[in-house]
>>> print(open('query-v9.txt').read())   # compact mmCIF, C-alpha atoms and all ligand atoms
# COMPACT_ATOMS: atom_id res chain seq x y z
CA MET A 1 18.13 23.20 8.18
CA ILE A 2 21.09 24.12 10.36
CA ILE A 3 21.38 27.74 11.46
CA PRO A 4 24.79 28.64 12.93
CA LYS A 5 25.31 31.33 15.56
CA ALA A 6 27.82 33.19 13.39
CA PRO A 7 26.99 34.31 9.83
CA LYS A 8 28.74 31.21 8.49
CA LEU A 9 30.53 28.08 9.66
CA THR A 10 34.32 28.00 9.56
CA PRO A 11 35.80 25.30 7.28
CA GLU A 12 36.66 23.23 10.41
CA GLN A 13 33.12 23.54 11.76
CA LEU A 14 31.62 22.60 8.40
CA ALA A 15 33.88 19.55 8.25
CA GLU A 16 32.69 18.48 11.73
CA VAL A 17 29.01 18.96 10.78
CA ARG A 18 29.55 16.96 7.56
CA LYS A 19 31.23 14.15 9.49
CA ILE A 20 28.30 13.84 11.90
CA ALA A 21 25.76 13.98 9.05
CA ALA A 22 27.67 11.25 7.17
CA GLU A 23 27.29 8.92 10.17
CA PHE A 24 23.53 9.15 9.54
CA ASP A 25 23.84 8.81 5.75
CA CYS A 26 23.09 12.50 5.25
CA GLU A 27 24.96 15.19 3.37
CA ILE A 28 25.14 18.91 3.98
CA GLY A 29 24.17 21.43 1.31
CA VAL A 30 25.40 24.99 1.80
CA VAL A 31 22.86 27.69 1.00
CA VAL A 32 24.83 30.90 0.54
CA GLY A 33 22.95 34.04 1.52
CA ALA A 34 23.91 37.72 1.16
CA ASN A 35 24.58 38.10 4.89
CA ARG A 36 24.61 34.59 6.29
CA ASN A 37 24.73 30.97 5.22
CA ILE A 38 22.39 28.20 6.23
CA TYR A 39 23.10 24.51 5.90
CA ALA A 40 20.57 22.00 4.58
CA ILE A 41 20.53 18.41 5.86
CA LEU A 42 20.12 16.27 2.74
CA GLY A 43 18.66 12.89 3.66
CA ASP A 44 16.36 11.65 6.42
CA GLU A 45 16.64 14.34 9.06
CA ARG A 46 14.16 12.78 11.46
CA ARG A 47 16.60 10.85 13.60
CA GLU A 48 16.64 12.40 17.03
CA LEU A 49 20.24 11.45 17.74
CA LEU A 50 21.44 13.24 14.61
CA LEU A 51 19.60 16.39 15.66
CA ASN A 52 20.81 16.11 19.26
CA ARG A 53 24.41 15.70 18.15
CA LEU A 54 24.23 18.75 15.89
CA GLU A 55 22.32 20.85 18.41
CA GLY A 56 24.95 20.00 20.98
CA LEU A 57 27.64 21.83 18.96
CA LEU A 58 28.34 25.16 20.62
CA TYR A 59 28.45 27.07 17.33
CA ILE A 60 24.97 25.91 16.22
CA ASP A 61 22.08 28.24 17.05
CA ARG A 62 19.20 25.89 16.12
CA ILE A 63 17.94 23.35 13.65
CA ASP A 64 14.63 23.71 11.82
CA THR A 65 13.33 20.42 10.46
CA VAL A 66 11.16 20.29 7.36
CA ASP A 67 9.89 16.72 7.74
CA ALA A 68 7.33 15.87 10.43
CA PRO A 69 8.97 13.83 13.20
CA PHE A 70 6.16 11.27 12.88
CA LYS A 71 6.06 9.24 9.69
CA LEU A 72 2.91 7.16 10.04
CA MET A 73 0.58 9.82 11.41
CA ASP A 74 1.79 12.40 8.88
CA ARG A 75 -0.99 13.69 6.66
CA ARG A 76 1.28 13.17 3.67
CA GLY A 77 2.38 9.71 4.81
CA ALA A 78 1.49 6.22 3.57
CA LEU A 79 -1.47 5.90 5.96
CA SER A 80 -3.21 9.01 4.70
CA ARG A 81 -5.87 6.88 3.00
CA ASN A 82 -6.60 4.83 6.13
CA VAL A 83 -10.36 4.47 6.40
CA ILE A 84 -11.74 4.05 9.93
CA GLN A 85 -15.26 2.84 10.58
CA ILE A 86 -17.30 2.03 13.66
CA GLY A 87 -20.99 1.86 14.58
CA GLY A 88 -22.06 2.32 10.97
CA VAL A 89 -20.08 5.55 10.62
CA GLN A 90 -17.14 6.12 8.32
CA LEU A 91 -14.99 8.72 10.03
CA GLY A 92 -14.97 11.97 8.10
CA LYS A 93 -18.18 11.19 6.19
CA SER A 94 -20.57 11.87 9.06
CA PRO A 95 -20.00 12.84 12.70
CA LEU A 96 -19.26 10.04 15.17
CA ILE A 97 -20.94 10.34 18.56
CA ILE A 98 -19.61 8.42 21.54
CA ALA A 99 -21.84 8.77 24.59
CA GLY A 100 -22.50 7.17 27.95
CA HIS A 101 -21.49 7.28 31.60
CA CYS A 102 -18.19 8.55 32.88
CA THR A 103 -18.32 5.60 35.23
CA ILE A 104 -20.48 2.49 35.39
CA ASP A 105 -21.87 2.02 38.88
CA PRO A 106 -21.42 -1.71 39.53
CA LYS A 107 -24.19 -1.56 42.13
CA GLU A 108 -26.69 -0.02 39.69
CA PRO A 109 -26.45 -1.87 36.36
CA GLY A 110 -30.02 -0.87 35.54
CA LEU A 111 -29.04 2.80 35.33
CA PHE A 112 -26.39 2.01 32.74
CA TYR A 113 -28.77 -0.11 30.68
CA GLU A 114 -31.29 2.74 30.72
CA THR A 115 -28.64 5.22 29.62
CA ALA A 116 -27.41 2.84 26.92
CA ALA A 117 -30.89 2.52 25.42
CA ALA A 118 -31.46 6.27 25.69
CA VAL A 119 -28.19 7.33 24.02
CA LYS A 120 -28.86 4.90 21.20
CA GLU A 121 -32.31 6.39 20.78
CA ALA A 122 -30.78 9.87 20.81
CA GLY A 123 -28.52 8.92 17.89
CA ALA A 124 -25.18 7.91 19.45
CA HIS A 125 -23.02 5.41 17.57
CA VAL A 126 -20.71 4.14 20.32
CA LEU A 127 -21.48 3.49 23.98
CA ARG A 128 -18.91 4.61 26.54
CA GLY A 129 -18.71 3.44 30.12
CA GLY A 130 -15.84 3.68 32.55
CA VAL A 131 -15.03 0.34 34.18
CA TRP A 132 -11.71 1.28 35.81
CA LYS A 133 -11.14 4.94 36.67
CA PRO A 134 -7.99 7.02 37.10
CA ARG A 135 -8.82 8.93 40.27
CA ALA A 136 -6.90 11.83 41.74
CA MET A 137 -7.33 10.22 45.17
CA PRO A 138 -6.75 6.57 46.06
CA PHE A 139 -9.75 6.52 48.41
CA THR A 140 -12.35 7.14 45.70
CA CYS A 141 -13.89 4.22 43.79
CA GLN A 142 -11.28 2.85 41.38
CA GLY A 143 -13.72 0.63 39.50
CA VAL A 144 -14.06 -3.14 39.55
CA ASP A 145 -13.51 -5.81 36.89
CA GLY A 146 -17.14 -6.89 37.22
CA ALA A 147 -18.42 -3.63 35.72
CA LEU A 148 -17.05 -4.83 32.38
CA ASN A 149 -19.85 -7.42 32.26
CA ILE A 150 -22.39 -4.61 32.53
CA LEU A 151 -20.80 -2.83 29.57
CA VAL A 152 -20.75 -6.04 27.53
CA GLU A 153 -24.39 -6.72 28.41
CA ALA A 154 -25.33 -3.18 27.36
CA ARG A 155 -23.67 -3.80 23.99
CA ALA A 156 -25.70 -6.99 23.58
CA ARG A 157 -28.92 -5.14 24.43
CA THR A 158 -28.34 -2.12 22.21
CA GLY A 159 -26.06 -3.40 19.46
CA LEU A 160 -23.81 -0.36 20.04
CA PRO A 161 -20.04 -0.89 19.97
CA ILE A 162 -18.36 -0.15 23.32
CA ASN A 163 -15.54 2.13 24.46
CA LEU A 164 -13.68 1.94 27.77
CA GLU A 165 -10.44 3.21 29.24
CA VAL A 166 -7.65 0.87 30.26
CA MET A 167 -4.66 1.82 32.37
CA ASP A 168 -2.59 -1.36 32.59
CA SER A 169 -1.96 -4.79 31.06
CA HIS A 170 -4.48 -6.59 33.25
CA GLN A 171 -7.27 -4.23 32.23
CA LEU A 172 -6.20 -4.31 28.59
CA ASP A 173 -6.27 -8.10 28.49
CA LEU A 174 -9.74 -8.21 30.06
CA ALA A 175 -11.04 -5.54 27.68
CA LEU A 176 -9.66 -7.38 24.66
CA LYS A 177 -11.05 -10.70 25.91
CA ALA A 178 -14.44 -8.95 26.06
CA LYS A 179 -13.83 -7.84 22.45
CA ALA A 180 -13.98 -4.13 23.29
CA ASP A 181 -14.58 -2.23 20.07
CA MET A 182 -12.68 0.87 21.18
CA ILE A 183 -9.95 1.22 23.79
CA GLN A 184 -9.52 4.61 25.41
CA ILE A 185 -6.15 5.88 26.57
CA GLY A 186 -6.84 8.57 29.12
CA THR A 187 -5.16 11.90 29.56
CA ARG A 188 -3.00 10.63 32.41
CA ASN A 189 -1.59 7.77 30.37
CA ALA A 190 -1.24 9.68 27.12
CA LEU A 191 2.52 9.81 27.65
CA ASN A 192 2.87 6.28 29.06
CA TYR A 193 4.98 4.95 26.20
CA THR A 194 5.13 1.42 27.62
CA LEU A 195 1.34 1.25 27.66
CA LEU A 196 1.05 2.88 24.23
CA LYS A 197 3.41 0.27 22.76
CA GLU A 198 1.54 -2.58 24.42
CA ILE A 199 -1.87 -1.37 23.26
CA GLY A 200 -0.61 -0.83 19.72
CA ALA A 201 0.90 -4.33 19.61
CA LYS A 202 -1.97 -6.21 21.25
CA THR A 203 -4.57 -4.60 18.98
CA ALA A 204 -2.44 -4.86 15.83
CA HIS A 205 -4.32 -6.21 12.81
CA THR A 206 -7.67 -6.21 14.65
CA SER A 207 -10.70 -4.00 14.18
CA THR A 208 -10.20 -2.45 17.65
CA LEU A 209 -10.07 1.33 17.50
CA ILE A 210 -8.03 3.44 19.88
CA LEU A 211 -9.29 6.74 21.28
CA LEU A 212 -6.15 8.58 22.32
CA LYS A 213 -6.85 11.49 24.64
CA ARG A 214 -4.51 14.44 24.68
CA GLY A 215 -2.42 14.67 27.83
CA ARG A 216 -3.60 17.56 30.00
CA HIS A 217 0.00 18.62 30.49
CA MET A 218 0.73 18.37 26.77
CA ALA A 219 1.61 21.58 25.04
CA PRO A 220 3.06 20.88 21.59
CA VAL A 221 0.71 19.25 19.12
CA ASN A 222 3.66 17.26 17.73
CA GLU A 223 4.02 15.54 21.09
CA PHE A 224 0.39 14.40 20.90
CA LEU A 225 0.90 13.08 17.37
CA ALA A 226 4.11 11.35 18.43
CA CYS A 227 2.07 9.41 21.03
CA ALA A 228 -0.28 8.31 18.26
CA GLU A 229 2.80 7.34 16.26
CA TYR A 230 3.70 4.88 19.04
CA LEU A 231 0.37 3.12 18.54
CA ALA A 232 0.65 3.05 14.77
CA ALA A 233 4.30 1.99 14.81
CA ASN A 234 3.38 -0.95 17.04
CA GLY A 235 0.71 -2.16 14.67
CA ASN A 236 -2.60 -0.33 15.10
CA PRO A 237 -3.18 2.75 12.93
CA ASN A 238 -6.91 2.92 13.74
CA ILE A 239 -6.53 5.90 16.00
CA LEU A 240 -8.91 8.70 16.92
CA LEU A 241 -7.26 11.82 18.34
CA CYS A 242 -9.17 13.26 21.28
CA PRO A 243 -8.53 16.79 22.55
CA ARG A 244 -10.08 16.94 26.04
CA GLY A 245 -8.71 20.11 27.56
CA THR A 246 -5.31 20.82 29.02
CA LEU A 247 -4.20 22.08 32.43
CA PRO A 248 -6.80 24.55 33.70
CA THR A 249 -5.98 28.19 33.28
CA LEU A 250 -9.49 29.56 33.44
CA ASP A 251 -11.59 29.98 36.56
CA THR A 252 -14.61 27.67 36.60
CA TYR A 253 -13.72 25.46 33.63
CA ARG A 254 -12.32 22.11 34.67
CA ASN A 255 -9.60 22.24 32.02
CA HIS A 256 -8.50 24.67 29.36
CA PRO A 257 -10.72 23.77 26.39
CA ASP A 258 -8.55 22.86 23.41
CA GLU A 259 -11.02 22.10 20.63
CA SER A 260 -9.34 24.91 18.69
CA ILE A 261 -6.34 22.65 17.97
CA THR A 262 -8.58 20.56 15.67
CA PRO A 263 -7.62 22.34 12.42
CA LEU A 264 -3.96 22.16 13.40
CA LEU A 265 -4.19 18.40 14.03
CA LYS A 266 -5.92 17.97 10.70
CA GLU A 267 -3.30 19.99 8.91
CA LYS A 268 -0.57 17.76 10.30
CA SER A 269 -2.24 14.34 10.42
CA TRP A 270 -4.81 12.28 8.55
CA ALA A 271 -6.24 10.89 11.82
CA PRO A 272 -9.84 11.75 12.70
CA VAL A 273 -10.38 14.16 15.59
CA ILE A 274 -13.02 13.36 18.21
CA VAL A 275 -13.35 16.14 20.78
CA ASP A 276 -14.37 15.48 24.39
CA PRO A 277 -16.28 18.58 25.50
CA SER A 278 -17.24 17.00 28.86
CA HIS A 279 -13.80 16.99 30.44
CA SER A 280 -12.78 20.18 28.61
CA VAL A 281 -15.28 22.37 30.43
CA GLY A 282 -16.45 20.01 33.18
CA HIS A 283 -19.88 21.55 33.71
CA ILE A 284 -23.19 20.38 32.30
CA GLU A 285 -24.27 23.83 31.18
CA TYR A 286 -21.13 24.54 29.13
CA VAL A 287 -20.84 21.16 27.40
CA PRO A 288 -23.20 21.80 24.43
CA ALA A 289 -21.45 25.06 23.47
CA CYS A 290 -18.06 23.38 23.61
CA ALA A 291 -19.38 20.48 21.52
CA LEU A 292 -20.70 22.83 18.84
CA ALA A 293 -17.50 24.86 18.86
CA ALA A 294 -15.55 21.63 18.28
CA MET A 295 -17.69 20.83 15.26
CA ALA A 296 -17.24 24.36 13.95
CA TYR A 297 -13.48 23.82 14.20
CA GLY A 298 -13.90 20.77 11.97
CA ALA A 299 -14.00 17.86 14.43
CA ASP A 300 -15.08 14.47 13.08
CA GLY A 301 -17.12 13.69 16.15
CA LEU A 302 -17.55 13.96 19.89
CA CYS A 303 -17.18 11.88 23.03
CA ILE A 304 -19.79 13.15 25.49
CA GLU A 305 -20.56 11.97 28.99
CA THR A 306 -24.30 11.34 29.11
CA HIS A 307 -26.41 9.90 31.92
CA ILE A 308 -30.10 9.14 32.30
CA HIS A 309 -30.01 10.57 35.86
CA PRO A 310 -26.75 12.55 36.19
CA GLN A 311 -27.35 13.15 39.89
CA LYS A 312 -27.42 9.42 40.57
CA GLY A 313 -24.12 8.90 38.77
CA ILE A 314 -20.73 8.20 40.26
CA GLY A 315 -17.47 9.61 38.89
CA ASP A 316 -17.83 12.81 36.87
CA ASP A 317 -21.47 12.29 35.94
CA PRO A 318 -23.26 14.50 38.51
CA ARG A 319 -21.39 17.61 37.42
CA GLN A 320 -20.70 17.11 33.73
CA ALA A 321 -22.95 14.45 32.18
CA ILE A 322 -25.71 15.78 29.94
CA ARG A 323 -29.09 14.06 29.67
CA PRO A 324 -30.07 11.95 26.65
CA SER A 325 -32.69 14.57 25.67
CA THR A 326 -29.93 17.21 25.43
CA LEU A 327 -27.78 14.74 23.50
CA ARG A 328 -30.54 14.21 20.99
CA SER A 329 -30.94 17.89 20.10
CA LEU A 330 -27.18 18.40 20.20
CA ILE A 331 -26.66 15.60 17.67
CA GLN A 332 -29.08 17.29 15.29
CA GLU A 333 -27.15 20.54 15.51
CA VAL A 334 -23.85 18.70 15.18
CA GLU A 335 -25.06 17.07 11.99
CA GLN A 336 -26.06 20.42 10.56
CA ILE A 337 -22.66 21.92 11.28
CA HIS A 338 -20.94 18.90 9.77
CA LYS A 339 -23.03 19.21 6.59
CA PHE A 340 -22.26 22.90 6.42
CA GLN A 341 -18.55 22.18 6.84
CA ASN A 342 -18.60 19.71 3.99
CA ARG A 343 -20.44 22.12 1.74
CA PHE A 344 -17.89 24.73 2.66
CA LYS A 345 -15.04 22.37 1.69
CA ALA A 346 -16.55 21.40 -1.67
C1 LIG A 401 -13.01 9.85 31.14
O1 LIG A 401 -13.20 9.78 29.91
O2 LIG A 401 -13.89 9.63 31.99
C2 LIG A 401 -11.69 10.29 31.61
C3 LIG A 401 -11.24 10.00 32.83
O3 LIG A 401 -11.05 10.97 30.68
P1 LIG A 401 -9.68 11.81 30.75
O4 LIG A 401 -8.60 10.79 30.70
O5 LIG A 401 -9.75 12.69 29.55
O6 LIG A 401 -9.71 12.59 32.06
MN MN A 402 -15.09 11.21 33.17
>>> encode(input="query-v9.txt", output="structure tokens")
Amino acid sequence: MIIPKAPKLTPEQLAEVRKIAAEFDCEIGVVVGANRNIYAILGDERRELLLNRLEGLLYIDRIDTVDAPFKLMDRRGALSRNVIQIGGVQLGKSPLIIAGHCTIDPKEPGLFYETAAAVKEAGAHVLRGGVWKPRAMPFTCQGVDGALNILVEARARTGLPINLEVMDSHQLDLALKAKADMIQIGTRNALNYTLLKEIGAKTAHTSTLILLKRGRHMAPVNEFLACAEYLAANGNPNILLCPRGTLPTLDTYRNHPDESITPLLKEKSWAPVIVDPSHSVGHIEYVPACALAAMAYGADGLCIETHIHPQKGIGDDPRQAIRPSTLRSLIQEVEQIHKFQNRFKA
């Protein structure tokens, strides 16, 4: 819908607008109001160049689009019946719990195996473990390829599918060679369109799921969904959307918790929402409350950093990983909220 600055377009302006629209196979319908006219774009209004060309006209105030800019992730789109499953859970039917270390310590594989067994026992469905880590400082441990073997061994021991973050082609190829069940795209790479395209294409037509974290700098929800659209457009629609907090605006919390965008994401997209309460709040004592809040907002599951001995962990574990015993009771509460939500919906 085109809204001009003046109450109506002059005949010359309307002719110019019609000419541009025609280049994109669209027509213009004039909606005559008592005080001002508005102009409907009839046809596919999602092309960015069409909107840019029209918005560039000095006599146009703004354009309001009715269609979502993303076609594949749109709740009303063709993929709306996409069923995603992992670890014996069908997303949406019961809550999915991803748990494990922030970072696998390559020098202490035993710790990871202990955690893996404990999170399974606590009720988790997917085992997470950071092999390569995006660090704010280049001097801190960046991870080593060898830690991937520890993750793969933990999968063999527990039978749990595995999730790990990749940041480049080398890591992606190794993760796929190891048959990673879920690839994580971290908050720092959430807007790395080259990587998004590559991951979408290399996991196309496979059972590999993608956990797409929300960029910490990301404000508009549409921008988040557009990143998911990159993955789907390149061949893999098996995407889990993961709010994990945005740039910190609160003292003490590591990020600004954003689990409250869950209903908004669900209104716009069919994709399941898996909230990461660990990075959102960044402190052990606040994680359970954030996790429960996420479920109350309608999340389909959680990704929670969990460690058998948080103080022995590397990466984020000492400050934000919960213990498996906490995970166990949290999962019970999460399941209750999920059941209540479903009853509420029915
Ligand atoms: C992580 O999951 O350990 C991580 C680094 O996540 P994020 O990209 O959300 O910071
Ligand atoms: Mn972490």
>>> closest_residue(input="query-v9.txt", among="A:Pro69, A:Pro7, A:Pro106, A:Gly77", to="A:Tyr230", atoms="only C-alpha atoms")
A:Pro69
>>> residues_around(input="query-v9.txt", residues="A:Gln320", least_positions_apart="4", cutoff="8 Å", atoms="all atoms listed in the file", output="PyMOL selection string")
chain A and resi 278-279+282-284+287+305+310+316
>>> residues_around(input="query-v9.txt", residues="A:Arg36", least_positions_apart="4", cutoff="12 Å", atoms="all atoms listed in the file", output="list in words")
Ile2, Ile3, Pro4, Lys5, Ala6, Pro7, Lys8, Leu9, Val30, Val31 and Val32 of chain A
>>> atom_distance(input="query-v9.txt", atom1="atom CA of A:Ala219", atom2="atom CA of A:Ile239")
19.8 Å
>>> axis_aligned_box(input="query-v9.txt", around="ligand LIG 401 (chain A)", padding_each_side="5 Å", output="lines of an AutoDock Vina configuration file")
center_x = -11.2
center_y = 11.2
center_z = 31.2
size_x = 15.3
size_y = 13.1
size_z = 13.3
>>> residues_around(input="query-v9.txt", residues="A:Gln336", least_positions_apart="5", cutoff="12 Å", atoms="all atoms listed in the file", output="ChimeraX atom specification")
/A:94-95,292,295-296,329-331,341-343
>>> atom_distance(input="query-v9.txt", atom1="atom CA of A:Ile97", atom2="atom CA of A:Leu302")
5.1 Å
>>> closest_residue(input="query-v9.txt", among="A:Arg244, A:Glu153, A:Thr187, A:Val131", to="A:Ala175", atoms="only C-alpha atoms")
A:Val131
>>> residues_near_ligand(input="query-v9.txt", ligand="ligand MN 402 (chain A)", cutoff="10 Å", atoms="only C-alpha atoms and all ligand atoms", output="list in words")
Gly100, His101, Cys102, Thr103, Gly129, Gly130, Lys133, Pro134, Arg135, Gly186, Asp276, Ser278, His279, Gly282, Ile304, Glu305, Ile314, Gly315, Asp316, Asp317, Arg319, Gln320 and Ala321 of chain A
>>> closest_residue(input="query-v9.txt", among="A:Asp300, A:Gly92, A:Ile38, A:Leu195", to="A:Ile60", atoms="all atoms listed in the file")
A:Ile38
>>> residues_around(input="query-v9.txt", residues="stretch 43-53 of chain A", least_positions_apart="5", cutoff="10 Å", atoms="only C-alpha atoms", output="list in words")
Met1, Ile2, Val17, Ile20, Ala21, Ala22, Glu23, Phe24, Asp25, Cys26, Glu27, Ile28, Arg62, Ile63, Asp64, Thr65, Val66, Asp67, Ala68, Pro69, Phe70 and Lys71 of chain A
>>> closest_residue(input="query-v9.txt", among="A:Ala40, A:Leu79, A:Leu191, A:Ile86", to="ligand LIG 401 (chain A)", atoms="all atoms listed in the file")
A:Leu191
>>> closest_residue(input="query-v9.txt", among="A:Thr206, A:Ser269, A:Thr158, A:Thr306", to="ligand LIG 401 (chain A)", atoms="all atoms listed in the file")
A:Thr306
>>> decode(input="query-v9.txt", residues="stretch 273-324 of chain A", atoms="C-alpha atoms", output="short mmCIF file (atom, residue, chain, number, x, y, z; two decimals), in the first residue's frame")
data_model
loop_
_atom_site.label_atom_id
_atom_site.label_comp_id
_atom_site.auth_asym_id
_atom_site.auth_seq_id
_atom_site.Cartn_x
_atom_site.Cartn_y
_atom_site.Cartn_z
CA VAL A 273 10.84 -21.83 18.85
CA ILE A 274 13.56 -23.15 21.15
CA VAL A 275 14.62 -20.56 23.72
CA ASP A 276 18.16 -20.42 25.14
CA PRO A 277 17.77 -19.13 28.71
CA SER A 278 21.49 -19.66 29.48
CA HIS A 279 22.88 -16.92 27.27
CA SER A 280 19.82 -14.71 27.80
CA VAL A 281 20.48 -14.16 31.50
CA GLY A 282 24.00 -15.58 31.82
CA HIS A 283 23.81 -16.53 35.48
CA ILE A 284 23.10 -19.94 36.97
CA GLU A 285 20.55 -18.65 39.46
CA TYR A 286 18.38 -16.87 36.87
CA VAL A 287 18.35 -19.61 34.23
CA PRO A 288 15.41 -21.70 35.57
CA ALA A 289 13.09 -18.68 35.83
CA CYS A 290 13.94 -17.62 32.29
CA ALA A 291 13.38 -21.18 31.06
CA LEU A 292 9.94 -21.34 32.67
CA ALA A 293 9.04 -17.90 31.37
CA ALA A 294 9.94 -19.06 27.86
CA MET A 295 7.62 -22.03 28.20
CA ALA A 296 4.86 -19.78 29.51
CA TYR A 297 5.30 -17.66 26.38
CA GLY A 298 4.67 -20.80 24.32
CA ALA A 299 8.17 -22.01 23.42
CA ASP A 300 8.49 -25.49 21.93
CA GLY A 301 11.59 -26.26 23.92
CA LEU A 302 14.82 -25.05 25.45
CA CYS A 303 18.56 -25.15 24.86
CA ILE A 304 20.21 -25.09 28.29
CA GLU A 305 23.88 -25.19 29.19
CA THR A 306 24.28 -27.96 31.74
CA HIS A 307 27.45 -29.32 33.33
CA ILE A 308 28.15 -32.07 35.84
CA HIS A 309 30.70 -29.79 37.59
CA PRO A 310 30.09 -26.23 36.31
CA GLN A 311 33.13 -24.92 38.16
CA LYS A 312 35.41 -27.29 36.26
CA GLY A 313 34.01 -26.16 32.92
CA ILE A 314 35.64 -23.96 30.33
CA GLY A 315 33.76 -21.39 28.24
CA ASP A 316 30.53 -20.13 29.78
CA ASP A 317 29.95 -23.13 32.03
CA PRO A 318 31.27 -21.85 35.39
CA ARG A 319 28.90 -18.90 35.43
CA GLN A 320 25.82 -20.09 33.58
CA ALA A 321 25.63 -23.90 33.35
CA ILE A 322 23.05 -25.52 35.60
CA ARG A 323 23.60 -28.95 37.14
CA PRO A 324 21.85 -32.08 35.84
#
